[in-house]
$ cat protein.csv   # CSV, C-alpha atoms
chain,number,residue,atom,x,y,z
O,1,MET,CA,136.5,98.8,107.2
O,2,LYS,CA,134.4,101.4,105.5
O,3,ILE,CA,132.5,104.1,107.3
O,4,GLY,CA,130.2,106.8,106.0
O,5,ILE,CA,130.7,110.3,107.4
O,6,THR,CA,128.4,113.3,106.8
O,7,SER,CA,130.6,116.1,105.4
O,8,THR,CA,130.3,119.8,104.6
O,9,GLY,CA,133.1,119.4,101.9
O,10,GLU,CA,134.8,117.0,99.6
O,11,ASN,CA,138.0,116.1,101.5
O,12,LEU,CA,139.2,114.9,104.8
O,13,ASP,CA,139.9,118.4,106.1
O,14,ALA,CA,136.2,119.4,105.7
O,15,ASP,CA,134.0,119.6,108.8
O,16,VAL,CA,131.5,117.0,109.8
O,17,ASP,CA,128.0,118.0,108.6
O,18,GLN,CA,125.8,117.9,111.7
O,19,ARG,CA,122.8,116.8,109.7
O,20,PHE,CA,122.3,113.3,108.4
O,21,GLY,CA,119.4,113.3,105.9
O,22,ARG,CA,120.2,116.7,104.5
O,23,CYS,CA,124.0,116.6,104.7
O,24,LYS,CA,125.9,118.1,101.8
O,25,TYR,CA,128.2,115.2,101.1
O,26,PHE,CA,129.1,111.8,102.3
O,27,LEU,CA,132.7,110.7,102.6
O,28,ILE,CA,133.0,107.0,102.4
O,29,VAL,CA,136.3,106.4,104.2
O,30,ASP,CA,138.4,103.3,104.6
O,31,ALA,CA,139.3,103.7,108.2
O,32,ASP,CA,142.6,101.7,107.8
O,33,SER,CA,144.1,103.2,104.7
O,34,MET,CA,142.2,106.6,104.9
O,35,GLU,CA,141.3,106.3,101.2
O,36,PHE,CA,138.0,107.8,100.5
O,37,GLU,CA,135.3,108.5,97.9
O,38,VAL,CA,132.9,111.4,97.8
O,39,LEU,CA,129.1,111.1,97.4
O,40,SER,CA,127.1,114.2,96.8
O,41,ASN,CA,123.8,113.9,98.7
O,42,GLU,CA,121.0,114.3,96.2
O,43,ASN,CA,118.4,114.1,98.9
O,44,ALA,CA,119.6,117.2,100.7
O,45,MET,CA,116.8,119.3,99.2
O,46,ALA,CA,114.0,116.6,99.3
O,47,SER,CA,110.7,118.0,100.4
O,48,GLY,CA,110.2,115.2,102.9
O,49,GLY,CA,111.6,111.8,103.9
O,50,ALA,CA,115.2,113.0,103.3
O,51,GLY,CA,116.6,110.9,106.2
O,52,ILE,CA,114.9,107.7,104.8
O,53,GLN,CA,116.2,108.3,101.3
O,54,THR,CA,119.7,109.1,102.4
O,55,ALA,CA,119.8,106.1,104.7
O,56,GLN,CA,118.9,103.8,101.7
O,57,THR,CA,121.6,105.4,99.6
O,58,ILE,CA,124.2,104.9,102.3
O,59,ALA,CA,123.0,101.3,102.8
O,60,LYS,CA,123.9,100.6,99.2
O,61,THR,CA,127.5,101.7,99.7
O,62,GLY,CA,128.1,98.7,102.1
O,63,VAL,CA,129.5,100.8,105.0
O,64,GLU,CA,129.5,99.2,108.4
O,65,ALA,CA,128.9,102.4,110.3
O,66,VAL,CA,127.7,106.0,109.9
O,67,VAL,CA,129.4,108.9,111.7
O,68,THR,CA,127.4,112.1,112.0
O,69,GLY,CA,126.3,114.9,114.3
O,70,ASN,CA,122.6,114.2,114.7
O,71,VAL,CA,120.2,111.6,113.4
O,72,GLY,CA,116.4,111.7,113.4
O,73,PRO,CA,113.9,108.9,114.0
O,74,ASN,CA,113.1,107.8,110.4
O,75,ALA,CA,116.7,107.8,109.3
O,76,PHE,CA,117.7,105.9,112.4
O,77,GLN,CA,115.1,103.2,111.9
O,78,THR,CA,116.2,102.8,108.3
O,79,LEU,CA,119.9,102.5,109.1
O,80,SER,CA,119.2,100.1,111.9
O,81,ALA,CA,117.1,97.9,109.6
O,82,ALA,CA,120.1,97.9,107.2
O,83,GLY,CA,122.3,96.7,110.0
O,84,ILE,CA,124.4,99.9,110.0
O,85,LYS,CA,125.8,101.2,113.3
O,86,VAL,CA,125.2,104.9,114.0
O,87,PHE,CA,127.6,107.1,115.8
O,88,THR,CA,126.4,110.6,116.7
O,89,GLY,CA,127.9,113.7,118.3
O,90,ALA,CA,130.9,113.9,115.9
O,91,SER,CA,132.3,117.4,115.2
O,92,GLY,CA,135.5,118.9,113.8
O,93,THR,CA,137.1,117.6,110.6
O,94,ILE,CA,136.5,114.3,108.9
O,95,LYS,CA,140.1,113.2,109.7
O,96,GLU,CA,139.7,113.9,113.4
O,97,SER,CA,136.4,112.1,113.5
O,98,VAL,CA,137.8,109.0,111.8
O,99,GLU,CA,140.6,109.0,114.4
O,100,LYS,CA,138.1,109.3,117.2
O,101,TYR,CA,136.1,106.5,115.7
O,102,LYS,CA,139.1,104.2,115.5
O,103,LYS,CA,140.1,104.9,119.1
O,104,GLY,CA,136.5,104.1,120.2
O,105,GLU,CA,135.9,107.7,121.4
O,106,LEU,CA,132.6,108.0,119.6
O,107,LYS,CA,129.6,106.5,121.2
O,108,GLU,CA,127.3,104.2,119.3
O,109,THR,CA,123.8,105.5,119.5
O,110,GLU,CA,120.9,103.2,120.3
O,111,ALA,CA,118.2,105.8,119.5
O,112,PRO,CA,117.6,108.9,117.3
O,113,ASN,CA,119.1,111.9,119.1
O,114,VAL,CA,117.0,114.6,117.5
O,115,GLY,CA,113.3,114.8,116.4
O,116,SER,CA,111.8,114.7,112.9
O,117,HIS,CA,112.7,117.6,110.5
O,118,SER,CA,115.5,118.9,112.6
O,119,GLY,CA,117.7,119.1,109.5
O,120,MET,CA,115.2,121.5,107.9
O,121,ARG,CA,115.8,124.2,110.5
O,122,ARG,CA,119.3,124.9,109.5
L,123,MET,CA,73.7,125.3,95.2
L,124,ILE,CA,77.0,124.9,97.0
L,125,ILE,CA,78.5,128.1,98.5
L,126,SER,CA,82.0,128.0,100.0
L,127,ILE,CA,83.3,130.5,102.5
L,128,ALA,CA,87.0,131.2,102.4
L,129,SER,CA,89.4,134.0,103.3
L,130,GLY,CA,93.1,133.6,103.0
L,131,LYS,CA,93.7,135.3,106.3
L,132,GLY,CA,92.6,133.5,109.5
L,133,GLY,CA,90.3,135.1,111.9
L,134,THR,CA,88.5,137.4,109.5
L,135,GLY,CA,85.0,135.9,110.2
L,136,LYS,CA,84.5,133.0,107.9
L,137,THR,CA,82.7,130.9,110.4
L,138,THR,CA,80.7,133.9,111.6
L,139,VAL,CA,79.5,134.6,108.1
L,140,ALA,CA,79.0,131.0,107.3
L,141,THR,CA,76.9,130.2,110.4
L,142,ASN,CA,74.8,133.4,110.2
L,143,LEU,CA,74.1,132.8,106.5
L,144,ALA,CA,73.1,129.2,107.3
L,145,LEU,CA,70.7,130.3,110.1
L,146,SER,CA,69.0,132.8,107.8
L,147,LEU,CA,68.1,130.2,105.1
L,148,GLU,CA,65.8,127.2,104.8
L,149,LYS,CA,66.9,123.6,103.9
L,150,VAL,CA,70.5,124.1,104.8
L,151,GLN,CA,73.4,121.7,105.0
L,152,PHE,CA,76.4,123.1,106.8
L,153,ILE,CA,79.8,121.4,106.5
L,154,ASP,CA,82.7,122.6,108.5
L,155,CYS,CA,85.7,121.7,106.4
L,156,ASP,CA,88.3,123.3,108.7
L,157,VAL,CA,89.2,119.8,110.0
L,158,GLU,CA,92.3,121.0,111.9
L,159,GLU,CA,90.2,123.4,114.0
L,160,PRO,CA,86.5,122.7,113.4
L,161,ASN,CA,84.8,125.2,115.7
L,162,ALA,CA,81.5,126.1,113.9
L,163,ASN,CA,79.6,123.9,116.2
L,164,ILE,CA,80.2,126.4,119.0
L,165,PHE,CA,77.6,128.5,117.2
L,166,PHE,CA,75.2,125.6,116.2
L,167,ASN,CA,75.4,123.4,119.3
L,168,ALA,CA,74.3,120.4,117.3
L,169,GLU,CA,74.2,117.2,119.3
L,170,ILE,CA,76.4,114.7,117.5
L,171,LYS,CA,74.4,111.7,116.6
L,172,GLU,CA,76.6,109.9,114.2
L,173,GLN,CA,80.4,109.4,113.8
L,174,GLU,CA,82.4,107.8,111.0
L,175,ASP,CA,86.1,107.0,111.0
L,176,VAL,CA,88.1,108.3,108.0
L,177,THR,CA,90.9,106.0,106.9
L,178,VAL,CA,93.5,106.0,104.2
L,179,GLU,CA,95.1,103.0,102.5
L,180,ILE,CA,98.8,102.3,103.1
L,181,PRO,CA,101.0,99.6,101.6
L,182,LYS,CA,101.5,96.3,103.4
L,183,VAL,CA,104.4,94.2,102.1
L,184,ASP,CA,104.3,90.5,101.8
L,185,THR,CA,107.8,89.4,102.8
L,186,GLU,CA,107.3,86.0,101.3
L,187,LYS,CA,106.9,87.5,97.8
L,188,CYS,CA,109.2,90.5,98.1
L,189,ASP,CA,112.7,90.2,96.7
L,190,TYR,CA,113.9,93.6,97.9
L,191,CYS,CA,114.4,95.0,94.4
L,192,GLY,CA,113.7,98.5,95.7
L,193,LYS,CA,111.4,99.6,92.8
L,194,CYS,CA,108.6,100.7,95.2
L,195,SER,CA,111.0,102.9,97.2
L,196,GLU,CA,112.4,104.4,94.0
L,197,PHE,CA,108.9,105.2,92.8
L,198,CYS,CA,107.6,106.8,95.9
L,199,ALA,CA,107.7,110.6,95.6
L,200,TYR,CA,107.2,111.0,99.4
L,201,ASN,CA,109.9,108.6,100.5
L,202,ALA,CA,107.3,106.6,102.4
L,203,LEU,CA,109.0,103.3,101.7
L,204,ALA,CA,112.6,102.3,102.4
L,205,VAL,CA,114.2,99.1,101.1
L,206,VAL,CA,117.4,97.8,102.6
L,207,PRO,CA,118.9,94.4,102.2
L,208,SER,CA,116.2,91.9,103.4
L,209,LYS,CA,113.8,94.5,104.9
L,210,VAL,CA,111.2,96.9,103.7
L,211,LEU,CA,110.1,99.7,105.9
L,212,VAL,CA,106.8,101.6,105.5
L,213,PHE,CA,106.5,105.1,107.0
L,214,PRO,CA,102.7,105.5,107.2
L,215,GLU,CA,102.6,109.3,107.9
L,216,LEU,CA,104.5,110.0,104.7
L,217,CYS,CA,102.3,107.9,102.5
L,218,HIS,CA,99.8,109.8,100.2
L,219,SER,CA,97.9,106.6,99.3
L,220,CYS,CA,98.6,106.9,95.6
L,221,ARG,CA,99.0,103.1,95.2
L,222,GLY,CA,101.9,103.6,92.8
L,223,CYS,CA,104.2,101.2,94.8
L,224,GLY,CA,101.7,98.5,94.2
L,225,LEU,CA,101.7,99.2,90.4
L,226,VAL,CA,105.4,99.0,90.0
L,227,CYS,CA,106.1,96.0,92.2
L,228,PRO,CA,107.2,93.1,89.9
L,229,GLN,CA,106.4,90.5,92.6
L,230,ASN,CA,102.9,91.6,93.3
L,231,ALA,CA,103.9,91.7,97.0
L,232,ILE,CA,102.0,94.8,98.0
L,233,SER,CA,98.5,94.8,99.4
L,234,TRP,CA,96.7,97.5,101.3
L,235,LYS,CA,95.6,98.2,104.9
L,236,GLU,CA,93.5,100.9,106.4
L,237,ARG,CA,95.0,103.6,108.6
L,238,PRO,CA,92.7,105.9,110.5
L,239,VAL,CA,93.5,109.6,110.1
L,240,GLY,CA,90.4,111.3,111.5
L,241,LYS,CA,86.7,111.2,111.7
L,242,ILE,CA,83.5,113.0,110.6
L,243,GLU,CA,80.6,113.8,112.8
L,244,HIS,CA,76.9,114.6,112.1
L,245,GLY,CA,74.1,116.2,113.9
L,246,VAL,CA,71.1,118.5,113.4
L,247,SER,CA,70.5,121.9,115.0
L,248,ASN,CA,67.8,124.4,114.3
L,249,GLY,CA,66.9,122.5,111.1
L,250,VAL,CA,70.5,122.7,109.9
L,251,ASP,CA,72.0,119.4,108.7
L,252,PHE,CA,75.4,119.8,110.3
L,253,TYR,CA,78.7,118.0,109.6
L,254,HIS,CA,82.3,118.6,110.6
L,255,GLY,CA,85.5,116.7,110.3
L,256,LEU,CA,88.3,116.2,112.8
L,257,LEU,CA,91.8,115.4,111.8
L,258,ASN,CA,93.7,113.3,114.3
L,259,VAL,CA,96.4,115.1,116.2
L,260,GLY,CA,99.8,114.7,114.5
L,261,GLU,CA,98.4,113.9,111.1
L,262,ILE,CA,99.6,116.1,108.2
L,263,GLN,CA,97.0,115.3,105.5
L,264,ALA,CA,93.6,117.0,105.9
L,265,ILE,CA,92.4,116.1,102.4
L,266,PRO,CA,91.1,112.6,103.1
L,267,VAL,CA,88.9,114.0,105.9
L,268,ILE,CA,87.6,116.8,103.7
L,269,LYS,CA,86.9,114.3,100.9
L,270,ALA,CA,84.9,112.2,103.3
L,271,LEU,CA,82.9,115.3,104.3
L,272,LYS,CA,82.2,116.1,100.6
L,273,LYS,CA,80.7,112.7,100.1
L,274,LYS,CA,77.9,113.8,102.4
L,275,ILE,CA,76.9,116.8,100.3
L,276,ASP,CA,73.2,116.8,99.7
L,277,LYS,CA,72.6,118.7,96.4
L,278,ASP,CA,68.9,119.1,97.2
L,279,LYS,CA,69.9,121.4,100.0
L,280,ASN,CA,71.5,124.8,100.2
L,281,VAL,CA,75.0,123.7,101.0
L,282,ILE,CA,77.5,125.9,102.9
L,283,LEU,CA,81.1,124.8,103.1
L,284,ASP,CA,83.2,126.6,105.8
L,285,ALA,CA,86.7,126.4,104.4
L,286,PRO,CA,90.0,126.5,106.4
L,287,PRO,CA,92.2,129.6,106.2
L,288,GLY,CA,95.1,129.8,103.9
L,289,THR,CA,95.5,129.1,100.2
L,290,SER,CA,96.8,125.5,100.1
L,291,CYS,CA,95.4,122.0,99.4
L,292,PRO,CA,92.7,121.9,102.1
L,293,VAL,CA,91.3,125.2,100.8
L,294,ILE,CA,91.4,124.2,97.2
L,295,GLU,CA,89.8,120.8,98.1
L,296,THR,CA,86.9,122.7,99.8
L,297,VAL,CA,86.4,125.6,97.4
L,298,GLY,CA,87.0,123.6,94.2
L,299,CYS,CA,83.6,121.9,94.3
L,300,SER,CA,81.5,125.0,95.1
L,301,ASP,CA,79.3,127.0,92.7
L,302,TYR,CA,80.2,130.2,94.4
L,303,CYS,CA,82.9,131.4,96.8
L,304,ILE,CA,82.5,134.1,99.4
L,305,LEU,CA,85.8,135.6,100.5
L,306,VAL,CA,85.6,137.2,104.0
L,307,THR,CA,88.1,139.8,104.8
L,308,GLU,CA,88.8,142.7,107.1
L,309,PRO,CA,89.7,146.2,106.0
L,310,THR,CA,93.3,146.1,107.2
L,311,PRO,CA,96.6,145.7,105.4
L,312,PHE,CA,96.7,142.1,106.6
L,313,GLY,CA,93.2,141.4,105.4
L,314,LEU,CA,94.0,142.9,102.0
L,315,HIS,CA,97.3,141.1,101.6
L,316,ASP,CA,95.8,137.7,102.2
L,317,LEU,CA,92.6,138.5,100.3
L,318,LYS,CA,94.8,139.1,97.2
L,319,LEU,CA,96.2,135.6,97.6
L,320,ALA,CA,92.8,134.1,98.0
L,321,VAL,CA,91.5,135.9,94.9
L,322,ASP,CA,94.4,134.4,92.9
L,323,VAL,CA,93.2,130.9,94.1
L,324,VAL,CA,89.5,131.3,93.2
L,325,ARG,CA,90.3,132.9,89.9
L,326,HIS,CA,92.6,130.0,89.1
L,327,LEU,CA,89.8,127.6,90.0
L,328,GLY,CA,87.4,129.6,87.8
L,329,ILE,CA,84.8,129.9,90.5
L,330,PRO,CA,82.6,133.0,90.7
L,331,PHE,CA,83.2,134.9,93.9
L,332,GLY,CA,82.6,138.1,95.9
L,333,VAL,CA,83.9,139.7,99.0
L,334,ILE,CA,82.3,140.3,102.4
L,335,ILE,CA,84.1,143.0,104.5
L,336,ASN,CA,83.8,142.1,108.2
L,337,ARG,CA,84.6,144.6,111.0
L,338,ASP,CA,83.9,147.4,108.5
L,339,GLY,CA,85.0,150.8,109.9
L,340,ILE,CA,88.4,149.7,111.2
L,341,GLY,CA,91.6,150.0,109.2
L,342,ASN,CA,91.4,151.8,105.8
L,343,LYS,CA,89.6,151.9,102.5
L,344,LYS,CA,92.2,149.9,100.5
L,345,VAL,CA,90.2,146.7,100.4
L,346,GLU,CA,87.3,148.5,98.8
L,347,LEU,CA,89.5,150.3,96.4
L,348,TYR,CA,91.2,147.0,95.5
L,349,CYS,CA,87.8,145.4,94.9
L,350,GLN,CA,86.7,148.3,92.7
L,351,LYS,CA,89.8,148.1,90.6
L,352,GLU,CA,89.6,144.4,90.2
L,353,LYS,CA,85.8,144.5,89.6
L,354,ILE,CA,85.1,142.2,92.5
L,355,PRO,CA,81.6,142.6,94.0
L,356,VAL,CA,81.5,143.6,97.6
L,357,LEU,CA,78.5,141.6,98.7
L,358,MET,CA,78.1,142.8,102.2
L,359,LYS,CA,79.8,144.9,104.9
L,360,ILE,CA,79.4,143.9,108.5
L,361,LEU,CA,80.0,147.0,110.7
L,362,HIS,CA,82.5,146.6,113.5
L,363,SER,CA,80.1,146.8,116.4
L,364,GLU,CA,80.3,146.1,120.1
L,365,GLU,CA,77.0,144.2,119.9
L,366,ILE,CA,78.2,141.8,117.3
L,367,ALA,CA,81.5,141.3,119.1
L,368,ARG,CA,79.7,140.6,122.4
L,369,LEU,CA,77.5,138.0,120.8
L,370,TYR,CA,80.4,136.4,119.1
L,371,SER,CA,82.3,136.2,122.4
L,372,ASP,CA,79.3,134.4,123.9
L,373,GLY,CA,79.2,131.9,121.0
L,374,ILE,CA,75.8,133.3,119.8
L,375,PRO,CA,75.2,133.7,116.1
L,376,PHE,CA,74.3,137.4,115.7
L,377,VAL,CA,71.2,136.7,113.5
L,378,ASN,CA,69.6,135.1,116.5
L,379,GLU,CA,69.5,138.4,118.4
L,380,LEU,CA,69.8,141.0,115.6
L,381,THR,CA,67.1,139.4,113.5
L,382,SER,CA,67.0,142.1,110.7
L,383,TRP,CA,70.3,140.6,109.6
L,384,ARG,CA,68.5,137.5,108.5
L,385,ASP,CA,66.9,139.5,105.6
L,386,GLU,CA,70.4,140.8,104.7
L,387,PHE,CA,71.7,137.3,104.5
L,388,LYS,CA,68.6,136.1,102.5
L,389,LYS,CA,69.2,139.0,100.0
L,390,LEU,CA,72.9,138.0,99.8
L,391,PHE,CA,71.9,134.4,99.1
L,392,ASN,CA,69.4,135.5,96.3
L,393,GLN,CA,72.0,137.7,94.8
L,394,ILE,CA,74.5,134.8,94.7
L,395,ALA,CA,71.8,132.5,93.3
L,396,GLU,CA,71.2,135.0,90.4
L,397,GLU,CA,74.9,135.2,89.7
L,398,VAL,CA,75.3,131.4,89.7
L,399,LYS,CA,72.4,131.0,87.2
L,400,LYS,CA,74.1,133.3,84.7

$ encode --input "protein.csv" --output "C-alpha cells"
Amino acid sequence: MKIGITSTGENLDADVDQRFGRCKYFLIVDADSMEFEVLSNENAMASGGAGIQTAQTIAKTGVEAVVTGNVGPNAFQTLSAAGIKVFTGASGTIKESVEKYKKGELKETEAPNVGSHSGMRR
Amino acid sequence: MIISIASGKGGTGKTTVATNLALSLEKVQFIDCDVEEPNANIFFNAEIKEQEDVTVEIPKVDTEKCDYCGKCSEFCAYNALAVVPSKVLVFPELCHSCRGCGLVCPQNAISWKERPVGKIEHGVSNGVDFYHGLLNVGEIQAIPVIKALKKKIDKDKNVILDAPPGTSCPVIETVGCSDYCILVTEPTPFGLHDLKLAVDVVRHLGIPFGVIINRDGIGNKKVELYCQKEKIPVLMKILHSEEIARLYSDGIPFVNELTSWRDEFKKLFNQIAEEVKK
C-alpha cells in the first residue's frame, strides 16, 4: 500500500513538511516494505493554485492516502475528487508518521483543516 | 480628452483632486475606477439610476465529451483546472478567462458560462455624468470591472478617471487609456517614495504627466526638488489648510465653498489640454 507523505528532506529520517501544496518533497512510501521514492515538489513556488497542482501530481502516483500537517480547501477538494484519503496533523519524522499511520493513530480528515494560502505564510 | 488621476501612495488626495477638477469644468464624465473602494460618490451624491452586472467567462466541462487527458489543466497558468481520474474540477476564483483551456482541448469539451464578479453603477449629479464600479467582496480581479467602466467612456466629454492607489494592474488598466495623468502626492518621505514608483509606471506607459502636491506646507521640500531634477511639472499646490480639511471631513468638495479654486482648476485643465495637443 502506497502513501504519499509531505517531507522536508529526501529520506525517512526527514521531518514531515507541515504544508501540503508548497511542501518541499513528497516521499512515496510503501507502508509494508518501507521502500520509498522521492518526488521534488515543483509547485512549491507556484504563484497561485499550488495545492491544486500538487494534488494532481500526487494523484498520478497512484497513492491511496496522503499524510501531511495541514491541507487547504482547494487541495482537499482535488484530493477527494481523486479518491485519495487525507490524514492531517502528522509531525516528527517520516518513519514515525508511517508507523502511526499503520497503527491507525492518524485521523482521516473529512474537511480542509486550514484556510487558503496558509502555506504562503511560512 | 481623458485625464487619469493616480498617486502611488493611498490617501494623498486623488479623489479630492479628481472631484474638485470635475466640478470646475463643463461637459464632464467622471469614472471612479477604484472598484475595491469606490468613494468618490460621497462628494457627488449622484443618485444611482442604472446598474449593470459585470461577469467573466469561466470554463464548463462537458463530461460526456471529456476523456480526462489533462491538457486543459497543464495549459492553465493559474491552476484553475484540476484533472484527476474521471473528474475535472474548475476553481472559478483562480480563472483569468483567457479561454486557453478551450483552445487546447482535443475533445472540444469546454464551453463557457458567465460568473458575476461585480457591477457598475451610473447616475448624474450637478451635470456630471457619474460612473463607479464595485468589485464583489472576496473577488481578486478588479480588471474586468474597470474594463466594463471604460466601455462607458464618452469621448465627446471631458473624461476624468479616478484611479486606485498603487502601481499594479488596476492602476495600469485605468491610466493606460488616458491622454494625460495627474499624479497626486504629499510632501512627505512617504509621498515621495510612492510618487517615484508611480512616475516609473507612467513613464513606462509613455503617458504625459504632471504632479499636484496636496497638503503643501507639511513635511519637506524633497518632492519639489525631485520634480525639478526629473523635469516633472508641478501643476498645482494645494495648501494644507484647516478649511479644506474641514470641508473634506464633511464630504463637501472644496470648490463648492472656496469658489476661486474653480478658476485654478480650469487653468490647470487648459494647461493640460495645451500639453496634450503638442

$ interface_residues --input "protein.csv" --of "chain O" --to "chain L" --cutoff "7 Å" --atoms "only C-alpha atoms" --output "tab-separated table (two decimals) with C-alpha atoms, in the frame of the given file"
chain	number	residue	atom	x	y	z
O	48	GLY	CA	110.20	115.20	102.90
O	49	GLY	CA	111.60	111.80	103.90
O	52	ILE	CA	114.90	107.70	104.80
O	53	GLN	CA	116.20	108.30	101.30
O	56	GLN	CA	118.90	103.80	101.70
O	59	ALA	CA	123.00	101.30	102.80
O	78	THR	CA	116.20	102.80	108.30
O	81	ALA	CA	117.10	97.90	109.60
O	82	ALA	CA	120.10	97.90	107.20

$ residues_around --input "protein.csv" --residues "segment 262-264 of chain L" --least-positions-apart "6" --cutoff "9 Å" --atoms "all atoms listed in the file" --output "ChimeraX atom specification"
/L:156-158,215-216,218,239-240,256,291-292

$ residues_around --input "protein.csv" --residues "Val38 of chain O" --least-positions-apart "2" --cutoff "10 Å" --atoms "only C-alpha atoms" --output "list in words"
Gly4, Ile5, Ser7, Gly9, Glu10, Asn11, Tyr25, Phe26, Leu27, Ile28, Val29, Phe36, Ser40 and Asn41 of chain O

$ atom_distance --input "protein.csv" --atom1 "atom CA of His117 of chain O" --atom2 "atom CA of Ser290 of chain L"
20.6 Å

$ residues_around --input "protein.csv" --residues "segment 397-400 of chain L" --least-positions-apart "2" --cutoff "10 Å" --atoms "all atoms listed in the file" --output "list in words"
Met123, Ile124, Ile125, Asp301, Tyr302, Ile329, Pro330, Phe331, Phe391, Asn392, Gln393, Ile394 and Ala395 of chain L

$ atom_distance --input "protein.csv" --atom1 "atom CA of Val66 of chain O" --atom2 "atom CA of Cys223 of chain L"
28.3 Å

$ closest_residue --input "protein.csv" --among "O:Asn74, O:Gln18, O:Thr61, O:Ser116" --to "Ser91 of chain O" --atoms "only C-alpha atoms"
O:Gln18

$ atom_distance --input "protein.csv" --atom1 "atom CA of Ile58 of chain O" --atom2 "atom CA of Lys24 of chain O"
13.3 Å

$ residues_around --input "protein.csv" --residues "Phe76 of chain O" --least-positions-apart "3" --cutoff "9 Å" --atoms "all atoms listed in the file" --output "ChimeraX atom specification"
/O:51-52,55,71-73,79-81,86,110-112

$ residues_around --input "protein.csv" --residues "segment 103-105 of chain O" --least-positions-apart "5" --cutoff "10 Å" --atoms "only C-alpha atoms" --output "MDAnalysis selection string"
chainID O and resid 90 97:98

$ closest_residue --input "protein.csv" --among "O:Ile94, O:Val16, O:Ile84, O:Ala31" --to "Val63 of chain O" --atoms "all atoms listed in the file"
O:Ile84

$ closest_residue --input "protein.csv" --among "O:Asn43, O:Thr54, O:Thr6, O:Thr109" --to "Ala75 of chain O" --atoms "only C-alpha atoms"
O:Thr54

$ closest_residue --input "protein.csv" --among "O:Lys85, O:Gly62, O:Thr57, O:Met1" --to "Lys102 of chain O" --atoms "all atoms listed in the file"
O:Met1

$ build_atoms --input "protein.csv" --residues "segment 261-274 of chain L" --atoms "N, CA, C and O atoms" --output "compact mmCIF listing (two decimals), keeping the file's coordinate frame"
# COMPACT_ATOMS: atom_id res chain seq x y z
N GLU L 261 98.51 114.23 112.50
CA GLU L 261 98.40 113.90 111.10
C GLU L 261 98.65 115.13 110.23
O GLU L 261 98.32 116.24 110.63
N ILE L 262 99.24 114.92 109.03
CA ILE L 262 99.60 116.10 108.20
C ILE L 262 98.64 116.22 107.00
O ILE L 262 98.66 117.24 106.34
N GLN L 263 97.81 115.19 106.72
CA GLN L 263 97.00 115.30 105.50
C GLN L 263 95.52 115.48 105.84
O GLN L 263 94.83 114.55 106.26
N ALA L 264 95.05 116.69 105.62
CA ALA L 264 93.60 117.00 105.90
C ALA L 264 92.71 116.55 104.77
O ALA L 264 91.52 116.35 104.99
N ILE L 265 93.27 116.38 103.59
CA ILE L 265 92.40 116.10 102.40
C ILE L 265 91.53 114.89 102.53
O ILE L 265 90.36 114.98 102.18
N PRO L 266 92.03 113.74 103.01
CA PRO L 266 91.10 112.60 103.10
C PRO L 266 89.89 112.89 103.97
O PRO L 266 88.79 112.40 103.67
N VAL L 267 90.05 113.67 105.01
CA VAL L 267 88.90 114.00 105.90
C VAL L 267 87.95 114.93 105.16
O VAL L 267 86.72 114.75 105.22
N ILE L 268 88.49 115.89 104.42
CA ILE L 268 87.60 116.80 103.70
C ILE L 268 86.88 116.05 102.57
O ILE L 268 85.69 116.27 102.33
N LYS L 269 87.58 115.10 101.93
CA LYS L 269 86.90 114.30 100.90
C LYS L 269 85.76 113.48 101.46
O LYS L 269 84.70 113.37 100.83
N ALA L 270 85.97 112.94 102.65
CA ALA L 270 84.90 112.20 103.30
C ALA L 270 83.70 113.06 103.61
O ALA L 270 82.55 112.65 103.47
N LEU L 271 83.98 114.30 104.00
CA LEU L 271 82.90 115.30 104.30
C LEU L 271 82.13 115.57 102.98
O LEU L 271 80.89 115.64 102.97
N LYS L 272 82.88 115.75 101.89
CA LYS L 272 82.20 116.10 100.60
C LYS L 272 81.31 115.04 100.10
O LYS L 272 80.36 115.33 99.37
N LYS L 273 81.59 113.80 100.48
CA LYS L 273 80.70 112.70 100.10
C LYS L 273 79.31 112.86 100.68
O LYS L 273 78.35 112.26 100.23
N LYS L 274 79.22 113.64 101.75
CA LYS L 274 77.90 113.80 102.40
C LYS L 274 77.11 114.95 101.84
O LYS L 274 75.99 115.20 102.27
